[in-house]
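Since the structure comes first, as structure tokens, the remarks are kept for the end.
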Amino acid sequence: MNQTMNTIALSAGEQAAERLLLESFARFWAEHANEDLRETYDRFISGTPLLPGVALRAVAADGVLGWWVLPQGFDGSGEGPFESAILFLHGGGYGLGSAAAYRGFASQIAMRARAPVFVLDYPLAPEGPFPAAHDAALAAARWLARSGVKRLALVGDSAGGGLALSALASMVGASELPTLVAGVAFSPWTDLSLSGASMSDPAVHDALLARDYLADSAAKYLGGLAARHPVASPLFGVPAGLPPLYIQVGSDELLRDDSLRYAHRAREQGNDVLLEVWEGLHHVFQLNVEELESSRIALDRIGRFLMTQLQA
């Protein structure tokens, strides 16, 4: 059983690149401070470039909304059937984000994994409170099964990473679903009660997330439900029988310990988990493939993992 935790140190050059990148983040959010938050978030996420050769196909079928992101060599119709696929669940604190904004990031995964990626548009809070996002993820998995997908990996970032882990927990042993072969989470939000030590650690300087923002996002998503409900906070409902998991997180994150504690509890249940902590890096640093070599290396590792699991 794989029970590995790796810590990856940054070179001096990467540390300098990270400093410049964080300065650009501060300028971006200051410049757009008075604009619509959902539009600004999508503009920020859309900075991850769409790789050449990737085909995009919008989906609105059986109540499922989103985009197919197809690497070279797959049916350009976007209809499949695809025997193996990735279901991607986007971040944004359950209240921000869209499948369209994440197509560039999904293309980085699709090309590396050599697999079709379906990016789901799930209901956003507060208009669509818990369990709307969770139910949409399960509905998408069932739709993929009806579309011919036999092997499925779930991937998500931040809140989407927590949603992916929650959906995987609900899918273990369920019928009418593809075989679950892998789960990948980039800086997952696994504890909406915000009880992790990194949430109050003065040594953690998160450039992208604030505790007040997370608390507000959790309240809007939960709609009065207890924050430790295991479907909303997968940290408190880790089952046995999960597929192999790969989790990456930066050390300078409020959500750092959401990853560490989840990996520990998943291993206690006998699950296969690989956890990487990238020193000195920010929340979902994998988005910044143009600025950071570390982002490209991290995604290369994820791509190889997914390709191996999907083709097994």
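Each chain in the structure tokens gets a letter, A, B, ..., in the order shown, and its residues are numbered from 1; ligands are numbered from 1 in order too.
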All alpha helix (DSSP H) positions in range 88-263 of chain A, as a ChimeraX atom specification: /A:103-113,132-146,159-171,211-222,256-263
Test item, strand (DSSP E) assignment across range 42-97 of chain A, answer as a list in words: Ala55, Leu56, Arg57, Ala58, Val59, Ala60, Ala61, Val64, Leu65, Gly66, Trp67, Trp68, Val69, Leu70, Ser84, Ala85, Ile86, Leu87, Phe88 and Leu89 of chain A
Selected residues, N, CA and C atoms, written as a PDB file, in the first residue's frame, please.
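Dumped to again24.pdb:
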ATOM      1  N   ALA A  55      -9.655  20.014 -28.320  1.00  0.00           N
ATOM      2  CA  ALA A  55     -10.995  20.323 -28.815  1.00  0.00           C
ATOM      3  C   ALA A  55     -11.933  20.573 -27.647  1.00  0.00           C
ATOM      4  N   LEU A  56     -12.846  21.526 -27.826  1.00  0.00           N
ATOM      5  CA  LEU A  56     -13.797  21.900 -26.790  1.00  0.00           C
ATOM      6  C   LEU A  56     -15.216  21.659 -27.297  1.00  0.00           C
ATOM      7  N   ARG A  57     -16.043  21.031 -26.457  1.00  0.00           N
ATOM      8  CA  ARG A  57     -17.422  20.794 -26.838  1.00  0.00           C
ATOM      9  C   ARG A  57     -18.328  21.055 -25.643  1.00  0.00           C
ATOM     10  N   ALA A  58     -19.291  21.964 -25.817  1.00  0.00           N
ATOM     11  CA  ALA A  58     -20.250  22.256 -24.758  1.00  0.00           C
ATOM     12  C   ALA A  58     -21.235  21.112 -24.621  1.00  0.00           C
ATOM     13  N   VAL A  59     -21.698  20.887 -23.379  1.00  0.00           N
ATOM     14  CA  VAL A  59     -22.650  19.817 -23.081  1.00  0.00           C
ATOM     15  C   VAL A  59     -23.826  20.394 -22.313  1.00  0.00           C
ATOM     16  N   ALA A  60     -25.027  20.042 -22.769  1.00  0.00           N
ATOM     17  CA  ALA A  60     -26.261  20.302 -22.019  1.00  0.00           C
ATOM     18  C   ALA A  60     -27.166  19.113 -22.305  1.00  0.00           C
ATOM     19  N   ALA A  61     -27.077  18.086 -21.459  1.00  0.00           N
ATOM     20  CA  ALA A  61     -27.772  16.829 -21.728  1.00  0.00           C
ATOM     21  C   ALA A  61     -28.245  16.203 -20.430  1.00  0.00           C
ATOM     22  N   VAL A  64     -27.301  17.714 -17.231  1.00  0.00           N
ATOM     23  CA  VAL A  64     -25.867  17.850 -16.964  1.00  0.00           C
ATOM     24  C   VAL A  64     -25.307  18.946 -17.865  1.00  0.00           C
ATOM     25  N   LEU A  65     -24.593  19.908 -17.254  1.00  0.00           N
ATOM     26  CA  LEU A  65     -24.008  21.026 -17.989  1.00  0.00           C
ATOM     27  C   LEU A  65     -22.499  21.030 -17.811  1.00  0.00           C
ATOM     28  N   GLY A  66     -21.794  21.410 -18.863  1.00  0.00           N
ATOM     29  CA  GLY A  66     -20.348  21.513 -18.750  1.00  0.00           C
ATOM     30  C   GLY A  66     -19.677  21.507 -20.098  1.00  0.00           C
ATOM     31  N   TRP A  67     -18.408  21.152 -20.088  1.00  0.00           N
ATOM     32  CA  TRP A  67     -17.593  21.139 -21.309  1.00  0.00           C
ATOM     33  C   TRP A  67     -16.740  19.887 -21.366  1.00  0.00           C
ATOM     34  N   TRP A  68     -16.714  19.252 -22.536  1.00  0.00           N
ATOM     35  CA  TRP A  68     -15.687  18.264 -22.828  1.00  0.00           C
ATOM     36  C   TRP A  68     -14.430  18.991 -23.266  1.00  0.00           C
ATOM     37  N   VAL A  69     -13.311  18.606 -22.701  1.00  0.00           N
ATOM     38  CA  VAL A  69     -11.990  19.089 -23.094  1.00  0.00           C
ATOM     39  C   VAL A  69     -11.230  17.866 -23.589  1.00  0.00           C
ATOM     40  N   LEU A  70     -10.992  17.822 -24.907  1.00  0.00           N
ATOM     41  CA  LEU A  70     -10.520  16.600 -25.547  1.00  0.00           C
ATOM     42  C   LEU A  70      -9.110  16.773 -26.094  1.00  0.00           C
ATOM     43  N   SER A  84     -12.615   5.575 -21.030  1.00  0.00           N
ATOM     44  CA  SER A  84     -11.977   6.159 -19.850  1.00  0.00           C
ATOM     45  C   SER A  84     -12.122   7.676 -19.916  1.00  0.00           C
ATOM     46  N   ALA A  85     -12.390   8.295 -18.785  1.00  0.00           N
ATOM     47  CA  ALA A  85     -12.563   9.744 -18.764  1.00  0.00           C
ATOM     48  C   ALA A  85     -12.268  10.284 -17.375  1.00  0.00           C
ATOM     49  N   ILE A  86     -12.100  11.601 -17.334  1.00  0.00           N
ATOM     50  CA  ILE A  86     -11.865  12.329 -16.090  1.00  0.00           C
ATOM     51  C   ILE A  86     -13.034  13.284 -15.873  1.00  0.00           C
ATOM     52  N   LEU A  87     -13.602  13.264 -14.686  1.00  0.00           N
ATOM     53  CA  LEU A  87     -14.615  14.239 -14.281  1.00  0.00           C
ATOM     54  C   LEU A  87     -13.916  15.295 -13.433  1.00  0.00           C
ATOM     55  N   PHE A  88     -13.914  16.537 -13.932  1.00  0.00           N
ATOM     56  CA  PHE A  88     -13.233  17.629 -13.219  1.00  0.00           C
ATOM     57  C   PHE A  88     -14.263  18.509 -12.534  1.00  0.00           C
ATOM     58  N   LEU A  89     -14.023  18.783 -11.243  1.00  0.00           N
ATOM     59  CA  LEU A  89     -14.893  19.611 -10.412  1.00  0.00           C
ATOM     60  C   LEU A  89     -14.117  20.846  -9.975  1.00  0.00           C
TER      61      LEU A  89
END
Distance query range 231-248 of chain A at most 7 Å, only C-alpha atoms, self and fewer than 4 positions along chain excluded, as a PyMOL selection string: chain A and resi 162+165-166+168-169+172+180-187+190-192+227+262+265-266+269-277
A:Pro126, A:Gly148, A:Gly93, A:Gly173 ranked by distance to Ala215 in chain A, top pick (using only C-alpha atoms):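 Nearest to Ala215 in chain A: A:Gly93.
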Shell around range 21-26 of chain A at 9 Å using only C-alpha atoms, local window under 4 positions removed, as a ChimeraX atom specification: /A:16-17,30-31,44,207-208,282,288,291-292
